[in-house]
$ cat final.txt   # compact mmCIF, C-alpha atoms and all ligand atoms
# COMPACT_ATOMS: atom_id res chain seq x y z
CA MET F 1 19.93 22.84 -41.33
CA THR F 2 20.17 19.73 -39.27
CA GLU F 3 19.64 17.17 -42.00
CA ARG F 4 22.51 16.52 -44.40
CA ALA F 5 22.55 13.85 -47.03
CA PRO F 6 25.68 11.74 -46.81
CA LYS F 7 27.91 12.00 -49.86
CA GLY F 8 27.13 8.44 -50.87
CA MET F 9 23.44 9.22 -51.18
CA ARG F 10 23.92 12.17 -53.46
CA LEU F 11 23.42 11.76 -57.18
CA HIS F 12 26.90 12.26 -58.67
CA ILE F 13 26.76 14.36 -61.82
CA GLY F 14 30.04 14.33 -63.79
CA ILE F 15 30.65 17.17 -66.27
CA PHE F 16 32.96 16.13 -69.12
CA GLY F 17 34.23 17.69 -72.33
CA ARG F 18 37.14 19.23 -74.20
CA ARG F 19 39.09 22.09 -72.74
CA ASN F 20 37.51 25.51 -72.88
CA VAL F 21 34.01 24.45 -73.94
CA GLY F 22 32.43 26.01 -70.83
CA LYS F 23 32.15 23.14 -68.32
CA SER F 24 33.05 25.33 -65.37
CA SER F 25 30.83 28.12 -66.66
CA LEU F 26 27.91 25.68 -66.79
CA LEU F 27 28.53 24.54 -63.21
CA ASN F 28 28.73 28.13 -62.01
CA ALA F 29 25.53 29.02 -63.84
CA VAL F 30 23.51 26.13 -62.40
CA THR F 31 24.81 26.67 -58.85
CA ARG F 32 24.68 30.46 -59.20
CA GLN F 33 28.09 30.56 -57.49
CA GLN F 34 31.70 30.93 -58.55
CA VAL F 35 32.49 27.30 -57.74
CA SER F 36 35.01 26.72 -60.50
CA ILE F 37 37.47 29.09 -62.10
CA VAL F 38 36.52 30.14 -65.61
CA SER F 39 39.01 31.57 -68.08
CA GLU F 40 39.63 31.80 -71.77
CA GLN F 41 42.84 29.83 -71.20
CA ALA F 42 42.33 26.20 -72.27
CA GLY F 43 43.12 23.80 -69.43
CA THR F 44 42.01 26.05 -66.56
CA THR F 45 40.52 23.27 -64.47
CA THR F 46 43.35 20.89 -63.67
CA ASP F 47 41.87 18.86 -60.83
CA PRO F 48 38.26 17.77 -60.51
CA VAL F 49 36.18 20.31 -58.57
CA GLU F 50 33.34 18.94 -56.43
CA LYS F 51 30.27 20.88 -55.45
CA PRO F 52 27.53 19.37 -53.27
CA MET F 53 24.18 21.12 -53.51
CA GLU F 54 20.42 20.76 -53.26
CA LEU F 55 19.33 20.81 -56.86
CA LEU F 56 15.64 21.36 -57.29
CA PRO F 57 13.90 19.05 -57.88
CA LEU F 58 16.39 16.19 -57.74
CA GLY F 59 17.41 16.73 -54.14
CA PRO F 60 21.00 16.38 -52.95
CA VAL F 61 23.50 16.09 -55.79
CA LEU F 62 27.26 16.29 -56.15
CA PHE F 63 28.53 18.05 -59.26
CA ILE F 64 32.01 17.10 -60.40
CA ASP F 65 33.61 19.54 -62.83
CA THR F 66 36.44 17.77 -64.59
CA ALA F 67 39.56 18.92 -66.38
CA GLY F 68 39.20 19.05 -70.15
CA ILE F 69 40.74 15.82 -71.42
CA ASP F 70 41.39 16.36 -75.07
CA ASP F 71 45.05 17.24 -74.49
CA GLU F 72 48.00 14.91 -74.78
CA GLY F 73 51.52 15.21 -73.32
CA ALA F 74 52.98 14.71 -69.84
CA LEU F 75 50.70 16.98 -67.86
CA GLY F 76 47.79 16.00 -70.04
CA GLU F 77 48.23 12.28 -69.30
CA LEU F 78 47.81 12.80 -65.57
CA ARG F 79 44.75 14.92 -66.16
CA VAL F 80 43.24 12.31 -68.43
CA GLN F 81 43.76 9.70 -65.72
CA LYS F 82 42.12 11.83 -63.03
CA THR F 83 39.17 12.58 -65.24
CA ARG F 84 38.79 8.91 -66.14
CA GLN F 85 38.50 8.02 -62.45
CA ILE F 86 35.45 10.25 -62.30
CA PHE F 87 33.62 7.97 -64.74
CA GLU F 88 33.65 5.33 -62.03
CA ARG F 89 31.61 7.38 -59.59
CA THR F 90 29.33 9.19 -61.98
CA ASP F 91 25.59 8.41 -61.80
CA LEU F 92 24.70 10.89 -64.52
CA GLY F 93 27.14 12.10 -67.18
CA VAL F 94 27.05 15.51 -68.85
CA ILE F 95 29.01 15.96 -72.09
CA VAL F 96 29.61 19.62 -72.83
CA THR F 97 30.64 20.71 -76.28
CA GLU F 98 30.72 23.91 -78.26
CA ALA F 99 27.65 24.05 -80.41
CA ASP F 100 29.25 22.97 -83.70
CA GLN F 101 32.15 20.90 -82.36
CA TRP F 102 30.67 17.42 -81.69
CA GLY F 103 33.17 14.94 -83.06
CA ASN F 104 35.21 11.82 -82.34
CA PHE F 105 36.23 13.04 -78.93
CA GLU F 106 32.62 13.49 -77.81
CA GLU F 107 31.73 10.10 -79.31
CA MET F 108 34.53 8.59 -77.21
CA LEU F 109 33.11 10.18 -74.03
CA LEU F 110 29.66 8.96 -74.96
CA GLY F 111 31.03 5.45 -75.47
CA GLU F 112 32.80 5.50 -72.07
CA LEU F 113 29.60 6.55 -70.31
CA GLN F 114 27.32 4.20 -72.22
CA SER F 115 29.57 1.21 -71.64
CA ARG F 116 29.05 1.84 -67.92
CA ARG F 117 25.29 2.25 -68.45
CA ILE F 118 25.47 5.81 -67.17
CA PRO F 119 22.67 8.07 -68.47
CA VAL F 120 23.96 11.01 -70.53
CA VAL F 121 22.91 14.59 -71.16
CA ALA F 122 24.58 16.33 -74.13
CA VAL F 123 24.99 20.08 -73.71
CA PHE F 124 25.70 22.24 -76.75
CA ASN F 125 27.14 25.35 -75.17
CA LYS F 126 28.06 28.75 -76.62
CA THR F 127 24.92 28.87 -78.73
CA ASP F 128 25.56 32.59 -79.06
CA GLN F 129 28.33 31.56 -81.43
CA GLY F 130 26.90 28.60 -83.34
CA HIS F 131 24.35 25.78 -83.41
CA PRO F 132 24.51 22.00 -83.57
CA ASN F 133 23.27 20.60 -86.87
CA SER F 134 19.88 19.01 -86.93
CA GLU F 135 21.13 15.68 -88.25
CA LEU F 136 23.36 15.26 -85.19
CA LEU F 137 20.47 16.19 -82.89
CA ARG F 138 18.28 13.60 -84.61
CA ARG F 139 20.97 10.94 -84.20
CA LEU F 140 21.31 11.67 -80.48
CA SER F 141 17.56 11.65 -80.05
CA ASP F 142 17.39 8.25 -81.81
CA GLN F 143 19.85 6.99 -79.21
CA LYS F 144 17.55 8.40 -76.48
CA ILE F 145 20.19 10.92 -75.44
CA ILE F 146 18.80 14.18 -74.14
CA ALA F 147 20.45 17.11 -75.90
CA ILE F 148 20.04 20.72 -74.87
CA LYS F 149 21.47 24.08 -75.89
CA THR F 150 22.96 26.61 -73.50
CA ALA F 151 24.97 29.79 -73.43
CA ALA F 152 26.38 29.30 -69.94
CA ALA F 153 28.30 32.56 -69.84
CA LEU F 154 25.04 34.40 -70.51
CA GLY F 155 22.97 32.22 -68.16
CA GLU F 156 20.84 30.93 -71.03
CA GLY F 157 19.32 27.46 -71.16
CA ILE F 158 20.05 26.71 -67.50
CA ALA F 159 16.41 25.86 -66.74
CA ASP F 160 16.50 23.38 -69.65
CA PHE F 161 19.69 21.93 -68.20
CA ARG F 162 17.98 21.29 -64.84
CA GLN F 163 15.02 19.74 -66.62
CA ALA F 164 17.34 17.51 -68.65
CA LEU F 165 19.13 16.33 -65.49
CA LEU F 166 15.78 15.41 -63.97
CA ASN F 167 14.65 13.58 -67.09
CA ALA F 168 17.89 11.64 -67.39
CA ALA F 169 18.35 10.80 -63.70
CA PRO F 170 18.20 7.08 -62.86
CA ALA F 171 14.77 5.95 -61.67
CA ASP F 172 15.97 4.69 -58.29
CA ILE F 173 17.23 8.17 -57.42
CA ILE F 174 13.93 9.71 -58.40
CA ASN F 175 11.84 7.15 -56.57
CA ASN F 176 12.36 8.12 -52.99
CA PRO F 177 12.26 4.73 -51.27
CA SER F 178 10.61 5.70 -48.02
CA ILE F 179 7.19 7.11 -47.17
CA LEU F 180 7.61 7.11 -43.40
CA GLY F 181 9.70 4.04 -42.51
CA ASP F 182 12.83 6.20 -42.19
CA LEU F 183 11.06 8.53 -39.75
CA VAL F 184 9.85 5.67 -37.56
CA GLY F 185 12.69 3.16 -37.72
CA ALA F 186 12.94 -0.57 -37.06
CA GLY F 187 11.36 -1.72 -33.80
CA GLU F 188 9.44 1.52 -33.34
CA MET F 189 5.75 2.20 -33.78
CA ALA F 190 3.65 4.48 -35.93
CA VAL F 191 -0.05 5.05 -35.29
CA LEU F 192 -2.09 5.69 -38.43
CA VAL F 193 -5.39 7.48 -37.94
CA VAL F 194 -7.91 6.56 -40.61
CA PRO F 195 -11.36 8.16 -40.38
CA ILE F 196 -14.12 5.88 -41.61
CA ASP F 197 -16.82 8.36 -42.54
CA LYS F 198 -19.36 8.45 -45.34
CA GLU F 199 -16.66 9.59 -47.75
CA ALA F 200 -14.40 6.59 -47.11
CA PRO F 201 -14.65 3.96 -49.86
CA LYS F 202 -16.66 0.86 -48.95
CA GLY F 203 -14.77 -2.12 -47.60
CA ARG F 204 -11.20 -0.97 -48.22
CA LEU F 205 -8.47 1.51 -47.41
CA ILE F 206 -7.17 4.07 -49.90
CA LEU F 207 -3.83 3.81 -51.65
CA PRO F 208 -1.74 6.21 -49.50
CA GLN F 209 -2.85 4.35 -46.35
CA VAL F 210 -2.04 0.96 -47.83
CA GLN F 211 1.34 2.16 -49.07
CA ALA F 212 2.18 3.63 -45.66
CA ILE F 213 1.40 0.31 -43.96
CA ARG F 214 3.53 -1.58 -46.43
CA ASP F 215 6.41 0.86 -45.98
CA LEU F 216 6.31 0.40 -42.20
CA LEU F 217 6.37 -3.38 -42.58
CA ASP F 218 9.29 -3.14 -45.01
CA SER F 219 11.12 -1.06 -42.41
CA ASP F 220 10.53 -3.62 -39.62
CA ALA F 221 8.46 -1.05 -37.76
CA PHE F 222 5.14 -1.63 -35.95
CA CYS F 223 1.92 -0.18 -37.16
CA LEU F 224 -1.27 0.48 -35.22
CA ILE F 225 -4.32 1.63 -37.17
CA VAL F 226 -7.24 3.34 -35.49
CA LYS F 227 -10.12 5.69 -36.25
CA GLU F 228 -9.86 9.15 -34.72
CA ARG F 229 -12.45 8.30 -32.04
CA GLU F 230 -10.33 5.47 -30.66
CA LEU F 231 -6.96 7.21 -30.82
CA ARG F 232 -6.79 8.44 -27.24
CA GLU F 233 -7.68 5.08 -25.73
CA ALA F 234 -5.28 3.27 -28.03
CA LEU F 235 -2.42 5.56 -27.01
CA ASP F 236 -3.29 5.05 -23.32
CA ARG F 237 -2.86 1.33 -23.71
CA LEU F 238 0.66 1.53 -25.11
CA ASN F 239 3.42 1.12 -22.55
CA ARG F 240 5.53 3.65 -24.40
CA PRO F 241 4.61 6.41 -26.81
CA PRO F 242 4.72 5.81 -30.56
CA LYS F 243 7.42 7.49 -32.63
CA LEU F 244 4.91 9.11 -34.97
CA VAL F 245 1.18 9.64 -35.41
CA VAL F 246 -0.09 10.10 -38.96
CA THR F 247 -3.61 11.33 -39.60
CA ASP F 248 -5.85 12.03 -42.50
CA SER F 249 -6.01 15.81 -42.88
CA GLN F 250 -9.78 15.73 -42.24
CA ALA F 251 -9.23 14.76 -38.61
CA PHE F 252 -6.15 16.91 -38.00
CA LEU F 253 -7.53 19.05 -35.17
CA LYS F 254 -9.03 16.23 -33.16
CA VAL F 255 -5.94 14.09 -33.59
CA ALA F 256 -3.66 16.99 -32.63
CA ALA F 257 -5.71 17.45 -29.45
CA ASP F 258 -5.55 13.74 -28.56
CA THR F 259 -1.86 13.20 -29.32
CA PRO F 260 0.53 14.15 -26.47
CA ARG F 261 2.58 17.18 -27.48
CA GLU F 262 5.89 15.30 -27.27
CA VAL F 263 4.79 12.75 -29.90
CA MET F 264 5.49 13.74 -33.52
CA LEU F 265 2.38 14.24 -35.62
CA THR F 266 1.89 14.72 -39.34
CA SER F 267 -0.58 13.85 -42.09
CA PHE F 268 -0.64 11.41 -44.98
CA SER F 269 -0.68 14.36 -47.39
CA ILE F 270 2.47 15.84 -45.93
CA LEU F 271 4.23 12.47 -46.07
CA PHE F 272 3.19 12.31 -49.72
CA ALA F 273 4.46 15.81 -50.44
CA ARG F 274 7.89 14.45 -49.56
CA TYR F 275 7.45 11.03 -51.15
CA LYS F 276 5.98 12.18 -54.46
CA GLY F 277 7.18 15.76 -54.65
CA ASP F 278 9.51 18.22 -53.04
CA LEU F 279 8.44 18.97 -49.48
CA ALA F 280 10.69 22.01 -49.05
CA GLU F 281 9.35 23.66 -52.19
CA GLN F 282 5.75 22.86 -51.29
CA VAL F 283 6.22 24.26 -47.78
CA ARG F 284 7.38 27.51 -49.39
CA GLY F 285 4.29 27.28 -51.58
CA ALA F 286 1.95 27.00 -48.56
CA MET F 287 3.56 30.07 -47.03
CA ALA F 288 2.78 31.99 -50.23
CA VAL F 289 -0.84 32.04 -49.02
CA GLU F 290 0.25 35.04 -46.95
CA TYR F 291 0.82 37.07 -50.10
CA LEU F 292 -2.49 36.33 -51.84
CA LYS F 293 -4.82 39.25 -52.52
CA PRO F 294 -8.46 39.42 -53.58
CA GLY F 295 -8.79 38.78 -57.31
CA ASP F 296 -5.79 36.42 -57.47
CA ASN F 297 -6.00 33.17 -59.45
CA ILE F 298 -5.57 29.81 -57.78
CA LEU F 299 -5.08 26.64 -59.77
CA ILE F 300 -6.34 23.49 -58.06
CA ALA F 301 -4.75 20.42 -59.67
CA GLU F 302 -5.98 16.89 -59.06
CA ALA F 303 -3.97 14.12 -60.62
CA CYS F 304 -6.95 11.82 -61.11
CA SER F 305 -10.65 12.29 -61.51
CA HIS F 306 -11.77 10.57 -58.34
CA HIS F 307 -10.30 11.70 -55.12
CA PRO F 308 -11.53 8.85 -52.94
CA ILE F 309 -12.15 10.81 -49.78
CA GLY F 310 -13.11 14.38 -49.18
CA GLU F 311 -14.14 15.09 -52.72
CA ASP F 312 -14.93 18.61 -51.66
CA ILE F 313 -11.49 19.43 -50.25
CA GLY F 314 -10.25 21.04 -53.45
CA ARG F 315 -13.60 22.46 -54.54
CA VAL F 316 -15.23 23.62 -51.33
CA LYS F 317 -13.12 23.50 -48.18
CA ILE F 318 -9.84 24.98 -49.37
CA PRO F 319 -11.52 27.70 -51.51
CA ARG F 320 -13.79 28.65 -48.60
CA TRP F 321 -10.93 28.96 -46.16
CA LEU F 322 -8.65 30.86 -48.57
CA THR F 323 -11.43 33.31 -49.43
CA GLN F 324 -11.99 34.00 -45.76
CA TYR F 325 -8.28 34.31 -45.08
CA VAL F 326 -7.68 36.74 -47.92
CA GLY F 327 -10.87 38.65 -47.17
CA GLY F 328 -12.14 38.87 -50.74
CA LYS F 329 -13.03 36.89 -53.84
CA LEU F 330 -10.42 34.64 -55.44
CA GLU F 331 -10.63 32.97 -58.86
CA PHE F 332 -10.34 29.19 -58.73
CA THR F 333 -9.63 26.93 -61.71
CA THR F 334 -9.60 23.16 -61.32
CA VAL F 335 -7.74 20.73 -63.59
CA GLN F 336 -7.74 16.97 -63.43
CA GLY F 337 -5.70 14.07 -64.68
CA HIS F 338 -2.57 14.26 -66.75
CA ASP F 339 -3.28 17.56 -68.44
CA PHE F 340 -1.41 20.00 -66.30
CA PRO F 341 -1.53 23.43 -67.97
CA GLN F 342 1.60 24.69 -69.72
CA ASP F 343 0.60 28.30 -69.33
CA LEU F 344 0.64 29.37 -65.69
CA SER F 345 1.14 33.05 -66.40
CA LYS F 346 -2.17 34.06 -64.79
CA ASP F 347 -1.81 31.90 -61.71
CA ASN F 348 -0.68 33.15 -58.31
CA LEU F 349 -0.64 29.79 -56.53
CA VAL F 350 -0.97 26.13 -57.50
CA ILE F 351 -2.51 23.77 -54.93
CA HIS F 352 -1.96 20.16 -55.91
CA CYS F 353 -3.59 17.02 -54.55
CA GLY F 354 -1.45 14.39 -52.80
CA ALA F 355 -0.52 12.94 -56.23
CA CYS F 356 -0.79 9.36 -55.02
CA MET F 357 -1.56 8.21 -58.58
CA LEU F 358 1.39 10.03 -60.19
CA ASN F 359 4.92 8.77 -60.26
CA ARG F 360 7.46 11.00 -58.61
CA LYS F 361 9.01 12.14 -61.84
CA GLU F 362 5.75 13.52 -63.16
CA MET F 363 5.07 15.38 -59.93
CA LEU F 364 8.63 16.74 -59.83
CA ASN F 365 8.17 17.92 -63.39
CA ARG F 366 5.02 19.78 -62.40
CA ILE F 367 6.83 21.41 -59.48
CA LEU F 368 9.72 22.39 -61.73
CA HIS F 369 7.30 23.80 -64.27
CA CYS F 370 5.68 25.97 -61.57
CA LYS F 371 9.08 27.04 -60.31
CA GLN F 372 10.16 28.07 -63.80
CA ALA F 373 6.96 30.04 -64.22
CA GLY F 374 7.60 31.74 -60.87
CA VAL F 375 4.38 30.35 -59.37
CA PRO F 376 4.45 28.88 -55.84
CA VAL F 377 3.13 25.32 -55.58
CA THR F 378 1.89 23.44 -52.55
CA ASN F 379 -0.48 20.57 -51.75
CA TYR F 380 -3.83 20.02 -50.05
CA GLY F 381 -2.45 18.66 -46.81
CA LEU F 382 0.02 21.48 -46.36
CA VAL F 383 -2.61 24.13 -46.98
CA ILE F 384 -4.97 22.44 -44.54
CA ALA F 385 -2.31 22.23 -41.85
CA TYR F 386 -1.46 25.87 -42.49
CA SER F 387 -5.09 26.96 -42.29
CA LEU F 388 -5.60 25.09 -39.01
CA GLY F 389 -2.59 26.73 -37.40
CA ILE F 390 -0.75 23.43 -36.90
CA PHE F 391 1.78 23.81 -39.69
CA GLU F 392 4.81 23.95 -37.43
CA ARG F 393 3.82 20.88 -35.46
CA ALA F 394 3.05 18.91 -38.63
CA LEU F 395 6.50 19.73 -40.03
CA GLU F 396 8.43 18.65 -36.93
CA PRO F 397 9.34 15.24 -38.40
CA PHE F 398 11.10 17.04 -41.31
CA PRO F 399 13.93 19.26 -40.01
CA ILE F 400 14.77 20.90 -43.35
CA ALA F 401 11.17 21.85 -44.08
CA LEU F 402 10.67 23.06 -40.52
CA GLU F 403 13.76 25.23 -40.78
CA ILE F 404 12.46 26.81 -43.99
CA TYR F 405 9.22 27.69 -42.21
CA ARG F 406 10.95 29.06 -39.13
CA GLN F 407 13.41 31.13 -41.17
CA ALA F 408 10.56 32.66 -43.14
CA GLY F 409 8.71 33.39 -39.88
CA ARG F 410 11.74 35.30 -38.64
CA ILE F 411 11.95 37.35 -41.80
CA GLN F 412 8.31 38.40 -41.88
N1 LIG U 501 30.62 33.07 -76.03
C1 LIG U 501 30.52 32.24 -75.01
N2 LIG U 501 31.59 32.00 -74.24
C2 LIG U 501 31.45 31.15 -73.21
C3 LIG U 501 30.21 30.52 -72.93
N3 LIG U 501 30.39 29.72 -71.84
C4 LIG U 501 31.68 29.87 -71.46
N4 LIG U 501 32.32 30.73 -72.29
C5 LIG U 501 33.72 31.16 -72.24
O1 LIG U 501 34.58 30.07 -72.61
C6 LIG U 501 35.80 30.14 -71.89
C7 LIG U 501 36.06 28.81 -71.20
O2 LIG U 501 35.08 28.61 -70.19
P1 LIG U 501 35.31 27.58 -68.98
O3 LIG U 501 34.03 27.50 -68.26
O4 LIG U 501 36.54 27.93 -68.22
O5 LIG U 501 35.56 26.26 -69.80
P2 LIG U 501 36.01 24.80 -69.28
O6 LIG U 501 35.36 23.83 -70.17
O7 LIG U 501 35.76 24.68 -67.82
O8 LIG U 501 37.56 24.84 -69.60
P3 LIG U 501 38.77 23.96 -68.94
O9 LIG U 501 38.61 24.02 -67.46
O10 LIG U 501 39.97 24.70 -69.42
O11 LIG U 501 38.66 22.61 -69.52
C8 LIG U 501 35.68 31.32 -70.94
O12 LIG U 501 36.30 32.42 -71.52
C9 LIG U 501 34.17 31.52 -70.82
O13 LIG U 501 33.82 32.85 -70.51
C10 LIG U 501 29.09 30.82 -73.76
O14 LIG U 501 27.97 30.32 -73.58
N5 LIG U 501 29.30 31.68 -74.78
S1 LIG U 502 -4.01 11.29 -57.32
FE1 LIG U 502 -4.67 13.11 -56.23
S2 LIG U 502 -6.87 13.31 -56.68
FE2 LIG U 502 -6.27 11.21 -57.20
S3 LIG U 502 -6.67 10.03 -55.33
FE3 LIG U 502 -4.51 10.63 -55.25
S4 LIG U 502 -4.51 12.51 -54.08
FE4 LIG U 502 -6.63 12.19 -54.74
MG MG U 503 37.04 24.30 -66.33

$ encode --input "final.txt" --output "structure tokens" --more "lines below"
Ligand SMILES: Nc1nc2c(ncn2[C@@H]2O[C@H](COP(=O)(O)OP(=O)(O)OP(=O)(O)O)[C@@H](O)[C@H]2O)c(=O)[nH]1
Ligand code: SF4
Ligand SMILES: [Mg+2]
Amino acid sequence: MTERAPKGMRLHIGIFGRRNVGKSSLLNAVTRQQVSIVSEQAGTTTDPVEKPMELLPLGPVLFIDTAGIDDEGALGELRVQKTRQIFERTDLGVIVTEADQWGNFEEMLLGELQSRRIPVVAVFNKTDQGHPNSELLRRLSDQKIIAIKTAAALGEGIADFRQALLNAAPADIINNPSILGDLVGAGEMAVLVVPIDKEAPKGRLILPQVQAIRDLLDSDAFCLIVKERELREALDRLNRPPKLVVTDSQAFLKVAADTPREVMLTSFSILFARYKGDLAEQVRGAMAVEYLKPGDNILIAEACSHHPIGEDIGRVKIPRWLTQYVGGKLEFTTVQGHDFPQDLSKDNLVIHCGACMLNRKEMLNRILHCKQAGVPVTNYGLVIAYSLGIFERALEPFPIALEIYRQAGRIQ
């Protein structure tokens, strides 16, 4: 992987609690690695243990497993100090406790975190041995604290833990600030290709186009907007090539033909897969097309009832292409708006729209839900690029996603 998030950009998740409650076990379970030593001896973790990872769907995070700090005495004092320092760099605090042990000590931790305005997730671990009482759960819920139950040593409740981290994460971490400004950079140019056909709304541009323009301006980049017919001439007039060409998926093939091979090219939909969702996961989802068989069920999800252009993309074009590709009949179900189905047990693939009307959290929740159900999820633009055979080129601006595709290609 060529792209690495600097430590400062990772969401820091601090794991706090008494000795022996299962903090290290929880970290190991969520990372699926033996990051931290676990033992029945209280006080096993003596120095904070840090683990950077890509945590779906939050992106890059840094977990910090701390020493249990309920102990007093000489050694204990030093440990308490070290653990306290972690409060200062925690963006999201996790308080782990044994299921029936919430008491003054946990209230103290909660107070420390809340006084710093750090969002908190309460984890009641060892639920194989006991349960938190419902009055306590109600009190935490009244304080808007997310509480979940786990049995870390048994790997239970870990999906709920991930979900809780997503729900509690600060909004500015969830709201990826850049649509394409970071790919283009200050002083550089992007060319946006906007077809104006009968499907385009009268007298205006659609939201993803407007947002892309605004993002380029915010990034001090230049922006040239053309229809697909004028692209070649516009590029000829520039005295140096643009950094990036972005097209509507409808015009992908023509734009690919008219854009010099050395210029990066992608689509609005793919930019939005990253901005509103999880590009890496949705790239994996597009590749799942390879495993579809006749008779499989495909869920087409549109986040609002009026897709402003190409109303037939989800209903006609993608189904037609997939049916041809698979060589037999597929079952398509379409859902719209905010009612994304809970039960995905019959589905083999979810193809989502660009989600321009959803906030990122809602889209990430949908992706997580699919992931938990074991159903691959992708989006319109990715499937279209895949079907046109220009997937690899369209992913070039995104090294991590491209690597995922290339790795999979090597395995097949
Ligand atoms: N029964 C049960 N035991 C658990 C569970 N999770 C962890 N344990 C056990 O609890 C003990 C302590 O686990 P650790 O993960 O080392 O706890 P810790 O909070 O990191 O402890 P310190 O580092 O000493 O503060 C170990 O023996 C674990 O196997 C669980 O869900 N159920
Ligand atoms: S939310 Fe989805 S269906 Fe609605 S306009 Fe945006 S991309 Fe189209
Ligand atoms: Mg530990």

$ residues_around --input "final.txt" --residues "Pro294 in chain F" --least-positions-apart "4" --cutoff "8 Å" --atoms "only C-alpha atoms" --output "ChimeraX atom specification"
/F:323,326-330

$ residues_near_ligand --input "final.txt" --ligand "ligand MG 503 (chain U)" --cutoff "7 Å" --atoms "all atoms listed in the file" --output "MDAnalysis selection string"
chainID F and resid 20 22:24 36:38 43:45 65:68

$ residues_near_ligand --input "final.txt" --ligand "ligand LIG 501 (chain U)" --cutoff "10 Å" --atoms "all atoms listed in the file" --output "number ranges by chain"
F: 15-29, 36-49, 65-71, 96-99, 124-130, 149-157

$ residues_near_point --input "final.txt" --point "(3.2, 13.8, -51.9)" --cutoff "7 Å" --atoms "all atoms listed in the file" --output "ChimeraX atom specification"
/F:269-277,354-356

$ closest_residue --input "final.txt" --among "F:Ile384, F:Ala408, F:Val30, F:Cys304" --to "Ala251 in chain F" --atoms "all atoms listed in the file"
F:Ile384

$ closest_residue --input "final.txt" --among "F:Ala373, F:Ala288, F:Leu231, F:Met357" --to "ligand LIG 502 (chain U)" --atoms "only C-alpha atoms and all ligand atoms"
F:Met357

$ residues_around --input "final.txt" --residues "Ser387 in chain F" --least-positions-apart "2" --cutoff "10 Å" --atoms "only C-alpha atoms" --output "MDAnalysis selection string"
chainID F and resid 286 289 318 321:322 325 381:385 389:391

$ atom_distance --input "final.txt" --atom1 "CA of Glu230 in chain F" --atom2 "CA of Val193 in chain F"
9.0 Å

$ closest_residue --input "final.txt" --among "F:Pro242, F:Gly103, F:Gly409, F:Pro399" --to "Ala221 in chain F" --atoms "only C-alpha atoms"
F:Pro242

$ atom_distance --input "final.txt" --atom1 "CA of Asp197 in chain F" --atom2 "atom FE3 of ligand LIG 502 (chain U)"
17.8 Å

$ closest_residue --input "final.txt" --among "F:Pro132, F:Gly93, F:Gly337, F:Pro397" --to "Leu244 in chain F" --atoms "only C-alpha atoms"
F:Pro397

$ residues_near_point --input "final.txt" --point "(21.6, 15.0, -75.1)" --cutoff "8 Å" --atoms "all atoms listed in the file" --output "list in words"
Val120, Val121, Ala122, Val123, Leu137, Leu140, Ser141, Lys144, Ile145, Ile146, Ala147 and Ile148 of chain F

$ write_last_selection --input "final.txt" --atoms "C-alpha atoms" --output "mmCIF file, in the coordinates of the input"
data_model
loop_
_atom_site.group_PDB
_atom_site.id
_atom_site.type_symbol
_atom_site.label_atom_id
_atom_site.label_comp_id
_atom_site.auth_asym_id
_atom_site.auth_seq_id
_atom_site.Cartn_x
_atom_site.Cartn_y
_atom_site.Cartn_z
ATOM 1 C CA VAL F 120 23.960 11.010 -70.530
ATOM 2 C CA VAL F 121 22.910 14.590 -71.160
ATOM 3 C CA ALA F 122 24.580 16.330 -74.130
ATOM 4 C CA VAL F 123 24.990 20.080 -73.710
ATOM 5 C CA LEU F 137 20.470 16.190 -82.890
ATOM 6 C CA LEU F 140 21.310 11.670 -80.480
ATOM 7 C CA SER F 141 17.560 11.650 -80.050
ATOM 8 C CA LYS F 144 17.550 8.400 -76.480
ATOM 9 C CA ILE F 145 20.190 10.920 -75.440
ATOM 10 C CA ILE F 146 18.800 14.180 -74.140
ATOM 11 C CA ALA F 147 20.450 17.110 -75.900
ATOM 12 C CA ILE F 148 20.040 20.720 -74.870
#

$ atom_distance --input "final.txt" --atom1 "CA of Ile404 in chain F" --atom2 "CA of Phe63 in chain F"
23.8 Å

$ closest_residue --input "final.txt" --among "F:Glu228, F:Asp91, F:Glu331, F:Asp312" --to "Lys293 in chain F" --atoms "only C-alpha atoms"
F:Glu331

$ residues_around --input "final.txt" --residues "Phe252 in chain F" --least-positions-apart "3" --cutoff "9 Å" --atoms "all atoms listed in the file" --output "list in words"
Thr247, Asp248, Ser249, Val255, Ala256, Ala257, Thr266, Ser267, Ile384, Ala385, Leu388 and Ile390 of chain F

$ write_last_selection --input "final.txt" --atoms "C-alpha atoms" --output "PDB file, keeping the file's coordinate frame"
ATOM      1  CA  THR F 247      -3.610  11.330 -39.600  1.00  0.00           C
ATOM      2  CA  ASP F 248      -5.850  12.030 -42.500  1.00  0.00           C
ATOM      3  CA  SER F 249      -6.010  15.810 -42.880  1.00  0.00           C
ATOM      4  CA  VAL F 255      -5.940  14.090 -33.590  1.00  0.00           C
ATOM      5  CA  ALA F 256      -3.660  16.990 -32.630  1.00  0.00           C
ATOM      6  CA  ALA F 257      -5.710  17.450 -29.450  1.00  0.00           C
ATOM      7  CA  THR F 266       1.890  14.720 -39.340  1.00  0.00           C
ATOM      8  CA  SER F 267      -0.580  13.850 -42.090  1.00  0.00           C
ATOM      9  CA  ILE F 384      -4.970  22.440 -44.540  1.00  0.00           C
ATOM     10  CA  ALA F 385      -2.310  22.230 -41.850  1.00  0.00           C
ATOM     11  CA  LEU F 388      -5.600  25.090 -39.010  1.00  0.00           C
ATOM     12  CA  ILE F 390      -0.750  23.430 -36.900  1.00  0.00           C
TER      13      ILE F 390
END
